[in-house]
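**Student:** Sharing coords_6.pdb here; it has PDB, C-alpha atoms.
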ATOM      1  CA  MET J 203      77.333 131.298 118.022
ATOM      2  CA  LYS J 204      75.273 133.706 115.922
ATOM      3  CA  TYR J 205      72.399 132.573 113.739
ATOM      4  CA  GLN J 206      73.243 135.142 111.028
ATOM      5  CA  GLN J 207      75.844 132.743 109.631
ATOM      6  CA  TYR J 208      72.952 130.482 108.563
ATOM      7  CA  ILE J 209      71.241 133.196 106.506
ATOM      8  CA  GLN J 210      73.122 132.283 103.345
ATOM      9  CA  LYS J 211      71.814 133.686 100.070
ATOM     10  CA  GLU J 212      72.046 130.323  98.315
ATOM     11  CA  ARG J 213      69.851 128.654 100.959
ATOM     12  CA  HIS J 214      67.091 131.279 100.734
ATOM     13  CA  ARG J 215      63.893 129.633  99.470
ATOM     14  CA  PRO J 216      61.284 131.834  97.805
ATOM     15  CA  PRO J 217      57.596 130.875  97.968
ATOM     16  CA  THR J 218      56.878 127.787  95.883
ATOM     17  CA  LYS J 219      55.004 128.357  92.661
ATOM     18  CA  GLY J 220      51.904 126.174  92.587
ATOM     19  CA  PHE J 221      51.671 125.492  96.323
ATOM     20  CA  GLN J 222      48.614 127.105  97.832
ATOM     21  CA  CYS J 223      46.887 127.147 101.206
ATOM     22  CA  ARG J 224      43.590 128.566 102.374
ATOM     23  CA  GLU J 225      41.150 128.448 105.276
ATOM     24  CA  ASP J 226      37.408 127.922 105.431
ATOM     25  CA  ILE J 227      35.003 127.918 108.364
ATOM     26  CA  GLU J 228      32.973 124.811 109.107
ATOM     27  CA  LYS J 229      30.123 124.844 111.618
ATOM     28  CA  GLU J 230      28.623 121.886 113.431
ATOM     29  CA  ASP J 231      26.085 122.210 116.235
ATOM     30  CA  HIS J 232      26.695 125.993 116.149
ATOM     31  CA  LEU J 233      30.408 125.472 116.915
ATOM     32  CA  ALA J 234      32.860 126.920 114.404
ATOM     33  CA  SER J 235      36.067 125.207 113.276
ATOM     34  CA  VAL J 236      38.769 126.491 110.963
ATOM     35  CA  ILE J 237      39.553 124.102 108.102
ATOM     36  CA  PHE J 238      43.129 124.594 106.888
ATOM     37  CA  LYS J 239      43.646 123.280 103.344
ATOM     38  CA  CYS J 240      46.651 122.871 101.063
ATOM     39  CA  ASN J 241      47.209 121.155  97.730
ATOM     40  CA  LEU J 242      49.446 118.175  97.009
ATOM     41  CA  PRO J 243      52.227 118.246  94.375
ATOM     42  CA  HIS J 244      51.046 117.305  90.863
ATOM     43  CA  GLN J 245      47.588 116.452  92.189
ATOM     44  CA  GLN J 246      44.101 117.914  92.160
ATOM     45  CA  HIS J 247      43.668 116.677  95.727
ATOM     46  CA  LEU J 248      43.750 118.838  98.842
ATOM     47  CA  VAL J 249      44.558 117.779 102.374
ATOM     48  CA  GLU J 250      42.399 119.315 105.099
ATOM     49  CA  PHE J 251      42.809 119.886 108.820
ATOM     50  CA  ASN J 252      40.242 120.808 111.425
ATOM     51  CA  CYS J 253      41.727 123.490 113.722
ATOM     52  CA  ARG J 254      40.334 125.451 116.651
ATOM     53  CA  GLU J 255      41.819 128.777 115.555
ATOM     54  CA  PRO J 256      43.042 130.470 112.356
ATOM     55  CA  SER J 257      46.641 129.783 111.419
ATOM     56  CA  CYS J 258      49.505 132.092 112.364
ATOM     57  CA  GLY J 259      51.886 132.975 109.535
ATOM     58  CA  ALA J 260      51.007 129.935 107.384
ATOM     59  CA  LEU J 261      49.159 131.899 104.690
ATOM     60  CA  GLU J 262      50.940 134.102 102.166
ATOM     61  CA  GLY J 263      49.940 136.844  99.763
ATOM     62  CA  GLU J 264      46.278 136.796  98.789
ATOM     63  CA  GLU J 265      45.518 133.358 100.227
ATOM     64  CA  LYS J 266      42.146 133.243 101.935
ATOM     65  CA  GLY J 267      42.186 133.191 105.715
ATOM     66  CA  ALA J 268      39.395 132.460 108.176
ATOM     67  CA  VAL J 269      38.136 135.109 110.590
ATOM     68  CA  LEU J 270      36.291 134.007 113.724
ATOM     69  CA  SER J 271      33.993 136.268 115.672
ATOM     70  CA  GLU J 272      34.173 136.505 119.455
ATOM     71  CA  ASP J 273      31.127 134.245 119.636
ATOM     72  CA  ASP J 274      32.972 131.569 117.633
ATOM     73  CA  TYR J 275      35.663 131.137 120.292
ATOM     74  CA  ALA J 276      34.629 128.498 122.810
ATOM     75  CA  VAL J 277      36.019 127.673 126.240
ATOM     76  CA  ASP J 278      38.859 125.158 125.805
ATOM     77  CA  PRO J 279      37.197 121.797 126.564
ATOM     78  CA  ASN J 280      40.567 120.198 127.340
ATOM     79  CA  PHE J 281      41.767 122.814 129.828
ATOM     80  CA  PHE J 282      41.780 120.366 132.748
ATOM     81  CA  ASP J 283      43.193 117.356 130.874
ATOM     82  CA  GLU J 284      46.176 115.687 132.516
ATOM     83  CA  GLY J 285      49.472 116.948 131.094
ATOM     84  CA  TYR J 286      47.778 119.744 129.127
ATOM     85  CA  SER J 287      49.461 123.163 129.232
ATOM     86  CA  MET J 288      49.746 126.479 127.444
ATOM     87  CA  ALA J 289      52.175 124.823 125.059
ATOM     88  CA  GLY J 290      49.513 122.231 124.302
ATOM     89  CA  THR J 291      46.921 124.856 123.374
ATOM     90  CA  THR J 292      49.158 126.143 120.583
ATOM     91  CA  GLY J 293      48.970 122.742 118.893
ATOM     92  CA  PHE J 294      45.395 123.290 117.732
ATOM     93  CA  LYS J 295      46.430 125.789 115.026
ATOM     94  CA  VAL J 296      48.901 125.830 112.122
ATOM     95  CA  TRP J 297      52.125 127.839 112.414
ATOM     96  CA  THR J 298      54.639 129.418 110.036
ATOM     97  CA  GLY J 299      57.268 126.698 110.192
ATOM     98  CA  SER J 300      54.852 124.014 108.995
ATOM     99  CA  ARG J 301      54.458 125.703 105.630
ATOM    100  CA  LEU J 302      58.160 126.074 104.888
ATOM    101  CA  LEU J 303      58.857 122.517 106.066
ATOM    102  CA  ILE J 304      56.194 121.080 103.738
ATOM    103  CA  GLU J 305      57.422 123.149 100.801
ATOM    104  CA  ALA J 306      61.088 122.333 101.398
ATOM    105  CA  LEU J 307      60.526 118.579 101.704
ATOM    106  CA  THR J 308      57.900 118.012  99.007
ATOM    107  CA  TRP J 309      58.075 120.817  96.411
ATOM    108  CA  PRO J 310      61.616 120.732  94.896
ATOM    109  CA  GLN J 311      63.190 123.868  93.490
ATOM    110  CA  ASP J 312      66.192 124.008  91.160
ATOM    111  CA  THR J 313      68.163 126.082  93.686
ATOM    112  CA  ASP J 314      67.751 123.608  96.577
ATOM    113  CA  CYS J 315      71.034 122.380  98.098
ATOM    114  CA  GLU J 316      72.157 118.827  97.338
ATOM    115  CA  ARG J 317      71.363 117.532 100.822
ATOM    116  CA  LEU J 318      67.808 118.854 100.639
ATOM    117  CA  LYS J 319      67.381 117.175  97.249
ATOM    118  CA  GLU J 320      68.501 113.859  98.783
ATOM    119  CA  ILE J 321      65.906 114.183 101.550
ATOM    120  CA  GLN J 322      63.209 115.110  99.022
ATOM    121  CA  GLU J 323      63.901 111.910  97.082
ATOM    122  CA  CYS J 324      63.480 109.900 100.277
ATOM    123  CA  VAL J 325      60.198 111.385 101.500
ATOM    124  CA  ASN J 326      58.557 111.617  98.057
ATOM    125  CA  SER J 327      59.013 107.951  97.195
ATOM    126  CA  ASP J 328      56.651 104.987  97.185
ATOM    127  CA  TYR J 329      58.992 102.895  99.295
ATOM    128  CA  GLY J 330      57.940 104.018 102.714
ATOM    129  CA  THR J 331      60.575 106.223 104.305
ATOM    130  CA  ARG J 332      59.869 105.881 108.046
ATOM    131  CA  ILE J 333      59.300 109.165 109.849
ATOM    132  CA  ILE J 334      58.289 110.116 113.375
ATOM    133  CA  GLU J 335      56.862 113.579 113.958
ATOM    134  CA  LEU J 336      57.283 115.168 117.377
ATOM    135  CA  GLY J 337      54.744 117.765 118.472
ATOM    136  CA  ALA J 338      52.526 117.128 115.458
ATOM    137  CA  GLY J 339      49.733 119.482 116.572
ATOM    138  CA  VAL J 340      46.770 119.007 114.222
ATOM    139  CA  GLY J 341      48.938 116.782 112.013
ATOM    140  CA  VAL J 342      49.604 118.968 108.980
ATOM    141  CA  VAL J 343      53.234 118.065 108.224
ATOM    142  CA  GLY J 344      53.095 114.348 109.050
ATOM    143  CA  THR J 345      49.840 113.804 107.161
ATOM    144  CA  TYR J 346      51.187 115.678 104.145
ATOM    145  CA  LEU J 347      54.369 113.583 104.078
ATOM    146  CA  SER J 348      52.269 110.444 104.293
ATOM    147  CA  ALA J 349      50.152 111.590 101.355
ATOM    148  CA  VAL J 350      53.256 111.876  99.150
ATOM    149  CA  GLY J 351      54.526 108.394 100.040
ATOM    150  CA  SER J 352      56.181 108.282 103.466
ATOM    151  CA  HIS J 353      55.145 106.147 106.436
ATOM    152  CA  VAL J 354      54.666 108.493 109.386
ATOM    153  CA  LEU J 355      54.048 108.105 113.114
ATOM    154  CA  LEU J 356      52.550 111.376 114.362
ATOM    155  CA  THR J 357      53.002 112.061 118.085
ATOM    156  CA  ASP J 358      51.961 114.717 120.575
ATOM    157  CA  LEU J 359      50.228 115.059 123.925
ATOM    158  CA  THR J 360      47.291 112.691 124.466
ATOM    159  CA  THR J 361      44.815 115.575 124.213
ATOM    160  CA  LEU J 362      46.041 116.538 120.745
ATOM    161  CA  VAL J 363      46.246 112.944 119.508
ATOM    162  CA  GLU J 364      42.684 112.186 120.587
ATOM    163  CA  ASN J 365      41.066 115.531 119.717
ATOM    164  CA  ALA J 366      42.940 116.629 116.603
ATOM    165  CA  ILE J 367      45.382 114.219 114.961
ATOM    166  CA  GLU J 368      43.215 111.091 114.875
ATOM    167  CA  THR J 369      40.180 112.928 113.498
ATOM    168  CA  ASN J 370      42.308 114.676 110.862
ATOM    169  CA  LEU J 371      43.873 111.378 109.783
ATOM    170  CA  GLU J 372      40.400 109.927 109.366
ATOM    171  CA  ARG J 373      39.340 113.016 107.419
ATOM    172  CA  ASN J 374      42.249 112.739 104.982
ATOM    173  CA  GLU J 375      41.994 108.973 104.635
ATOM    174  CA  ARG J 376      38.475 109.600 103.332
ATOM    175  CA  ILE J 377      39.401 112.609 101.170
ATOM    176  CA  LEU J 378      42.315 110.806  99.474
ATOM    177  CA  SER J 379      40.614 107.418  99.119
ATOM    178  CA  ASP J 380      40.438 107.769  95.322
ATOM    179  CA  MET J 381      44.029 108.952  94.917
ATOM    180  CA  SER J 382      46.132 106.738  92.667
ATOM    181  CA  ILE J 383      49.113 105.064  94.324
ATOM    182  CA  GLY J 384      52.359 103.834  92.816
ATOM    183  CA  ASP J 385      53.363 100.228  92.273
ATOM    184  CA  GLY J 386      55.984 100.533  94.997
ATOM    185  CA  SER J 387      53.517 101.611  97.677
ATOM    186  CA  GLY J 388      52.847  99.160 100.458
ATOM    187  CA  LYS J 389      49.473  97.504  99.959
ATOM    188  CA  SER J 390      49.087  96.796 103.655
ATOM    189  CA  CYS J 391      49.883  98.750 106.785
ATOM    190  CA  PRO J 392      53.553  98.425 107.834
ATOM    191  CA  SER J 393      53.811  96.534 111.112
ATOM    192  CA  TRP J 394      55.647  99.296 112.978
ATOM    193  CA  LEU J 395      52.654 101.642 112.593
ATOM    194  CA  VAL J 396      50.353  99.126 114.348
ATOM    195  CA  ASP J 397      46.965 100.708 113.466
ATOM    196  CA  GLY J 398      48.006 102.802 110.487
ATOM    197  CA  GLN J 399      45.667 104.381 107.970
ATOM    198  CA  ARG J 400      46.219 104.729 104.246
ATOM    199  CA  ILE J 401      46.775 108.425 103.525
ATOM    200  CA  GLY J 402      47.282 108.976  99.792
ATOM    201  CA  ARG J 403      50.424 107.143  98.706
ATOM    202  CA  GLY J 404      51.640 106.401 102.241
ATOM    203  CA  TRP J 405      50.567 105.305 105.696
ATOM    204  CA  ALA J 406      50.169 107.147 108.990
ATOM    205  CA  ASP J 407      49.369 106.386 112.610
ATOM    206  CA  ALA J 408      49.209 108.481 115.784
ATOM    207  CA  THR J 409      50.242 107.841 119.363
ATOM    208  CA  PRO J 410      50.798 109.978 122.463
ATOM    209  CA  LEU J 411      54.404 110.822 123.289
ATOM    210  CA  ASP J 412      55.407 112.823 126.356
ATOM    211  CA  TRP J 413      58.932 114.215 125.982
ATOM    212  CA  THR J 414      59.486 114.133 129.746
ATOM    213  CA  LYS J 415      59.095 110.335 129.877
ATOM    214  CA  SER J 416      61.147 107.493 128.440
ATOM    215  CA  ILE J 417      60.297 106.639 124.842
ATOM    216  CA  CYS J 418      60.674 102.953 125.706
ATOM    217  CA  GLU J 419      57.607 103.262 127.934
ATOM    218  CA  GLN J 420      55.559 104.869 125.148
ATOM    219  CA  LEU J 421      56.674 103.386 121.814
ATOM    220  CA  THR J 422      56.938  99.763 120.763
ATOM    221  CA  ASP J 423      60.449  98.376 120.245
ATOM    222  CA  GLU J 424      59.815  98.287 116.497
ATOM    223  CA  GLN J 425      58.684 101.903 116.445
ATOM    224  CA  ALA J 426      61.650 103.129 118.455
ATOM    225  CA  SER J 427      64.148 101.297 116.221
ATOM    226  CA  SER J 428      62.617 101.957 112.795
ATOM    227  CA  ILE J 429      63.097 105.696 112.298
ATOM    228  CA  ASP J 430      64.772 107.171 109.195
ATOM    229  CA  PHE J 431      63.889 110.805 109.926
ATOM    230  CA  ILE J 432      62.581 112.735 112.927
ATOM    231  CA  ILE J 433      60.612 115.865 112.065
ATOM    232  CA  ALA J 434      59.401 118.711 114.246
ATOM    233  CA  SER J 435      57.881 122.056 113.332
ATOM    234  CA  ASP J 436      57.561 125.128 115.571
ATOM    235  CA  VAL J 437      57.648 123.034 118.736
ATOM    236  CA  VAL J 438      60.091 124.835 121.035
ATOM    237  CA  PHE J 439      58.993 128.465 121.305
ATOM    238  CA  LEU J 440      59.386 128.168 125.102
ATOM    239  CA  ALA J 441      62.954 127.668 126.309
ATOM    240  CA  SER J 442      61.749 125.179 128.926
ATOM    241  CA  MET J 443      60.644 122.783 126.151
ATOM    242  CA  MET J 444      63.970 122.479 124.354
ATOM    243  CA  LYS J 445      65.767 120.175 126.774
ATOM    244  CA  SER J 446      62.935 117.625 126.857
ATOM    245  CA  LEU J 447      62.616 117.750 123.065
ATOM    246  CA  PHE J 448      66.325 117.138 122.558
ATOM    247  CA  ASP J 449      66.323 114.399 125.226
ATOM    248  CA  THR J 450      63.649 112.618 123.180
ATOM    249  CA  VAL J 451      65.581 113.155 119.941
ATOM    250  CA  GLU J 452      68.744 111.823 121.581
ATOM    251  CA  ALA J 453      66.871 108.700 122.687
ATOM    252  CA  LEU J 454      65.586 108.143 119.135
ATOM    253  CA  PHE J 455      69.076 108.673 117.721
ATOM    254  CA  GLU J 456      70.183 105.802 119.973
ATOM    255  CA  THR J 457      67.299 103.359 119.466
ATOM    256  CA  SER J 458      67.320 103.847 115.665
ATOM    257  CA  LYS J 459      71.096 104.213 115.340
ATOM    258  CA  ASP J 460      71.298 101.492 112.682
ATOM    259  CA  ASN J 461      69.282 103.795 110.379
ATOM    260  CA  LYS J 462      71.341 106.899 111.240
ATOM    261  CA  PRO J 463      68.288 109.169 111.530
ATOM    262  CA  SER J 464      68.481 112.952 111.510
ATOM    263  CA  LEU J 465      66.160 115.599 112.911
ATOM    264  CA  ILE J 466      64.547 117.976 110.413
ATOM    265  CA  LEU J 467      63.475 120.973 112.489
ATOM    266  CA  SER J 468      61.652 124.085 111.323
ATOM    267  CA  PHE J 469      61.959 127.073 113.605
ATOM    268  CA  GLN J 470      60.807 130.664 113.347
ATOM    269  CA  LYS J 471      62.948 133.368 114.882
ATOM    270  CA  ARG J 472      60.799 134.816 117.654
ATOM    271  CA  ASP J 473      63.397 136.562 119.790
ATOM    272  CA  ALA J 474      61.590 138.514 122.490
ATOM    273  CA  GLN J 475      62.158 142.090 123.616
ATOM    274  CA  ASP J 476      65.170 140.967 125.613
ATOM    275  CA  GLY J 477      66.704 139.736 122.357
ATOM    276  CA  THR J 478      68.887 136.699 121.880
ATOM    277  CA  ASP J 479      69.473 136.464 125.651
ATOM    278  CA  SER J 480      65.806 135.724 126.392
ATOM    279  CA  LYS J 481      65.380 133.320 129.311
ATOM    280  CA  ALA J 482      61.717 132.485 128.652
ATOM    281  CA  PHE J 483      61.598 132.092 124.874
ATOM    282  CA  THR J 484      63.750 129.901 122.666
ATOM    283  CA  THR J 485      66.020 131.885 120.373
ATOM    284  CA  VAL J 486      67.802 130.720 117.241
ATOM    285  CA  ASP J 487      71.149 131.122 118.989
ATOM    286  CA  GLY J 488      69.749 129.090 121.890
ATOM    287  CA  VAL J 489      68.907 126.223 119.534
ATOM    288  CA  LEU J 490      72.356 126.342 117.927
ATOM    289  CA  THR J 491      74.078 126.328 121.323
ATOM    290  CA  ALA J 492      71.980 123.425 122.629
ATOM    291  CA  VAL J 493      72.771 121.379 119.516
ATOM    292  CA  ARG J 494      76.508 121.969 119.833
ATOM    293  CA  GLU J 495      76.489 121.131 123.547
ATOM    294  CA  ARG J 496      75.190 117.646 122.706
ATOM    295  CA  GLY J 497      77.952 117.097 120.183
ATOM    296  CA  TRP J 498      75.546 117.187 117.240
ATOM    297  CA  THR J 499      75.940 118.928 113.891
ATOM    298  CA  ILE J 500      73.463 121.374 112.379
ATOM    299  CA  GLU J 501      72.973 122.565 108.806
ATOM    300  CA  CYS J 502      70.488 125.081 107.424
ATOM    301  CA  LEU J 503      68.681 123.454 104.501
ATOM    302  CA  ALA J 504      66.420 126.422 103.723
ATOM    303  CA  TRP J 505      65.219 129.720 105.161
ATOM    304  CA  ARG J 506      62.729 132.424 104.281
ATOM    305  CA  THR J 507      61.729 135.872 105.456
ATOM    306  CA  VAL J 508      58.096 136.073 106.582
ATOM    307  CA  ALA J 509      55.796 138.907 107.559
ATOM    308  CA  VAL J 510      54.980 139.061 111.272
ATOM    309  CA  ARG J 511      53.394 141.421 113.771
ATOM    310  CA  LYS J 512      55.540 142.320 116.785
ATOM    311  CA  GLU J 513      54.898 144.153 120.022
ATOM    312  CA  ASP J 514      57.430 146.869 120.841
ATOM    313  CA  GLU J 515      58.541 148.243 124.224
ATOM    314  CA  THR J 516      55.471 150.505 124.432
ATOM    315  CA  GLY J 517      53.032 147.657 123.829
ATOM    316  CA  SER J 518      52.181 148.794 120.296
ATOM    317  CA  VAL J 519      51.869 146.088 117.648
ATOM    318  CA  LYS J 520      53.665 146.795 114.376
ATOM    319  CA  ASP J 521      54.202 144.998 111.070
ATOM    320  CA  ASP J 522      57.685 143.510 110.835
ATOM    321  CA  THR J 523      59.605 140.632 109.308
ATOM    322  CA  SER J 524      61.340 137.586 110.723
ATOM    323  CA  GLU J 525      63.160 134.519 109.460
ATOM    324  CA  VAL J 526      61.977 130.914 109.506
ATOM    325  CA  PHE J 527      64.523 128.120 109.100
ATOM    326  CA  VAL J 528      64.608 124.436 108.210
ATOM    327  CA  PHE J 529      67.584 122.803 109.945
ATOM    328  CA  GLU J 530      68.952 119.272 109.707
ATOM    329  CA  ILE J 531      70.477 118.070 112.970
ATOM    330  CA  LYS J 532      72.615 114.936 113.111
ATOM    331  CA  ASP J 533      74.333 112.927 115.813
ATOM    332  CA  ALA J 534      78.006 113.485 115.072
ATOM    333  CA  ASN J 535      78.851 110.482 117.244
ATOM    334  CA  CYS J 536      76.905 108.102 115.003
ATOM    335  CA  PRO J 537      79.375 105.636 113.436
ATOM    336  CA  LEU J 538      79.881 105.987 109.715
ATOM    337  CA  GLU J 539      79.086 103.168 107.319
ATOM    338  CA  GLU J 540      82.053 101.089 106.308
ATOM    339  CA  GLY J 541      82.941 101.487 102.672
TER     340      GLY J 541
END
Turn this file's structure into structure tokens for me.
**Tutor:**
Amino acid sequence: MKYQQYIQKERHRPPTKGFQCREDIEKEDHLASVIFKCNLPHQQHLVEFNCREPSCGALEGEEKGAVLSEDDYAVDPNFFDEGYSMAGTTGFKVWTGSRLLIEALTWPQDTDCERLKEIQECVNSDYGTRIIELGAGVGVVGTYLSAVGSHVLLTDLTTLVENAIETNLERNERILSDMSIGDGSGKSCPSWLVDGQRIGRGWADATPLDWTKSICEQLTDEQASSIDFIIASDVVFLASMMKSLFDTVEALFETSKDNKPSLILSFQKRDAQDGTDSKAFTTVDGVLTAVRERGWTIECLAWRTVAVRKEDETGSVKDDTSEVFVFEIKDANCPLEEG
């Protein structure tokens, strides 16, 4: 199965007019942090995220990026944490797929496909669409969706939950405390979020979730059975991560089957020098094959070409382009509603 069939002209999504991101540097006790910021739809408010490194591919055009000096990079304080890995270190920065996923779900365009418009209506409402984010990193996508009205459980490794997501939720709870909320918004934290925080028009909570362990050991019964959408952004660049991710998704499909949840996955094409047959890195064709092998369906909701820098066979780094996709993945075995 070749990914080129998903690069359909009508699903191409140009940059969204009015949506802007930027980075600033914040220093505390001589330690530098990158603060990634982006604006909310139809609002003067910004959401902000404390990151350890500048973003990769999340800024476009003339948007201001942060530049750290060699002295600003500190030894990773979580290097020896249990369960922490190279994949975990990538969670402390913002990646390309997060931007397109936010734009696609919360900034409607006239050319969006009908299915994407349906999802936009769900996540941008005041009635608490229930979302779980897998591999949330610093929490950009889940926090943003909460700010526009959804109820979101952000999950990742314990290190990221405790050292990034929780502090960024607290930061945005404070920043958006004066934001007006609709009459339909829940006035109190929904029970399934346990210790949720008001983020703009919605609610959010965070909890560790290890994809290699049973979700029943890590989520409450109410959490596992309450999901309307599963979201994940740029989480499977290593091929070894895909099976555990999809095992977790499959478990959530089962425990929340009454809600018929789908997975909204953003993924940047990062095919290595060995091309689409790469054994180490996840390729677009690899994702498509893995989805089909589980008997699921996959649809491209949006895609965009982005500027990247690639290393060639000689080791030289050159400017290039790549594609980033937003896919919807569904369990084809889920029973249909009776009419």
**Student:** I want to know what sits within 6 Å of Ala349 in chain J, based on only C-alpha atoms, with residues of the same chain fewer than 5 positions away left out; could you give that as a list in words?
**Tutor:**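 That gives Ile401, Gly402, Arg403 and Gly404 of chain J.
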**Student:** Counting all atoms listed in the file, which residue out of J:Gln206, J:Gln246, J:Thr485, J:Asn252 sits closest to Asn365 in chain J?
**Tutor:** J:Asn252
**Student:** Could you list, as a ChimeraX atom specification, every residue matched by the PyMOL selection byres ((chain J and resi 413) around 8) in this structure?
**Tutor:** /J:411-412,414-417,446-447,449-450
**Student:** I need the output of the PyMOL selection byres ((chain J and resi 251) around 9) for this file as a ChimeraX atom specification; which residues are they?
**Tutor:** /J:236-239,249-250,252-253,340-342,366-367,369-371,373-374
**Student:** Could those selected residues go to a file with C-alpha atoms, as an mmCIF file, in the coordinates of the input?
**Tutor:**
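Okay, this is what ended up in selection03.cif:
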data_model
loop_
_atom_site.group_PDB
_atom_site.id
_atom_site.type_symbol
_atom_site.label_atom_id
_atom_site.label_comp_id
_atom_site.auth_asym_id
_atom_site.auth_seq_id
_atom_site.Cartn_x
_atom_site.Cartn_y
_atom_site.Cartn_z
ATOM 1 C CA VAL J 236 38.769 126.491 110.963
ATOM 2 C CA ILE J 237 39.553 124.102 108.102
ATOM 3 C CA PHE J 238 43.129 124.594 106.888
ATOM 4 C CA LYS J 239 43.646 123.280 103.344
ATOM 5 C CA VAL J 249 44.558 117.779 102.374
ATOM 6 C CA GLU J 250 42.399 119.315 105.099
ATOM 7 C CA ASN J 252 40.242 120.808 111.425
ATOM 8 C CA CYS J 253 41.727 123.490 113.722
ATOM 9 C CA VAL J 340 46.770 119.007 114.222
ATOM 10 C CA GLY J 341 48.938 116.782 112.013
ATOM 11 C CA VAL J 342 49.604 118.968 108.980
ATOM 12 C CA ALA J 366 42.940 116.629 116.603
ATOM 13 C CA ILE J 367 45.382 114.219 114.961
ATOM 14 C CA THR J 369 40.180 112.928 113.498
ATOM 15 C CA ASN J 370 42.308 114.676 110.862
ATOM 16 C CA LEU J 371 43.873 111.378 109.783
ATOM 17 C CA ARG J 373 39.340 113.016 107.419
ATOM 18 C CA ASN J 374 42.249 112.739 104.982
#
**Student:** My list of candidates is J:Asp358, J:Asp430, J:Glu316, J:Glu264. Which is closest to Ser458 in chain J when distances are computed with all atoms listed in the file?
**Tutor:**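 With all atoms listed in the file as the atom set, the closest residue is J:Asp430.
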**Student:** Tell me which of J:Leu490, J:Val508, J:Ala234, J:Ala306 sits closest to Phe448 in chain J, counting only C-alpha atoms.
**Tutor:**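 Distance minimum relative to Phe448 in chain J lands on J:Leu490.
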**Student:** Leaving out Glu530 in chain J and any residue of its chain fewer than 2 positions from it, which residues lie within 6 Å of it when counting all atoms listed in the file, given as a tab-separated table (two decimals) with C-alpha atoms, in the coordinates of the input?
**Tutor:**
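Result written to result-v1.tsv:
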chain	number	residue	atom	x	y	z
J	465	LEU	CA	66.16	115.60	112.91
J	466	ILE	CA	64.55	117.98	110.41
J	500	ILE	CA	73.46	121.37	112.38
J	501	GLU	CA	72.97	122.56	108.81
**Student:** Could you state the separation of CA of Thr357 in chain J and CA of Leu261 in chain J in Å, given to one decimal place?
**Tutor:**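 Calculated distance between CA of Thr357 in chain J and CA of Leu261 in chain J is 24.2 Å.
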**Student:** Using all atoms listed in the file and a cutoff of 12 Å, can you tell me which residues are near (62.4, 123.6, 92.9) in the file's coordinates, and write them out as a short mmCIF file (atom, residue, chain, number, x, y, z; two decimals) with C-alpha atoms, keeping the file's coordinate frame?
**Tutor:**
data_model
loop_
_atom_site.label_atom_id
_atom_site.label_comp_id
_atom_site.auth_asym_id
_atom_site.auth_seq_id
_atom_site.Cartn_x
_atom_site.Cartn_y
_atom_site.Cartn_z
CA HIS J 214 67.09 131.28 100.73
CA ARG J 215 63.89 129.63 99.47
CA PRO J 216 61.28 131.83 97.80
CA PRO J 217 57.60 130.88 97.97
CA THR J 218 56.88 127.79 95.88
CA LYS J 219 55.00 128.36 92.66
CA GLY J 220 51.90 126.17 92.59
CA PHE J 221 51.67 125.49 96.32
CA PRO J 243 52.23 118.25 94.38
CA GLU J 305 57.42 123.15 100.80
CA ALA J 306 61.09 122.33 101.40
CA LEU J 307 60.53 118.58 101.70
CA THR J 308 57.90 118.01 99.01
CA TRP J 309 58.08 120.82 96.41
CA PRO J 310 61.62 120.73 94.90
CA GLN J 311 63.19 123.87 93.49
CA ASP J 312 66.19 124.01 91.16
CA THR J 313 68.16 126.08 93.69
CA ASP J 314 67.75 123.61 96.58
CA CYS J 315 71.03 122.38 98.10
CA GLU J 316 72.16 118.83 97.34
CA LEU J 318 67.81 118.85 100.64
CA LYS J 319 67.38 117.18 97.25
CA GLN J 322 63.21 115.11 99.02
CA ALA J 504 66.42 126.42 103.72
#
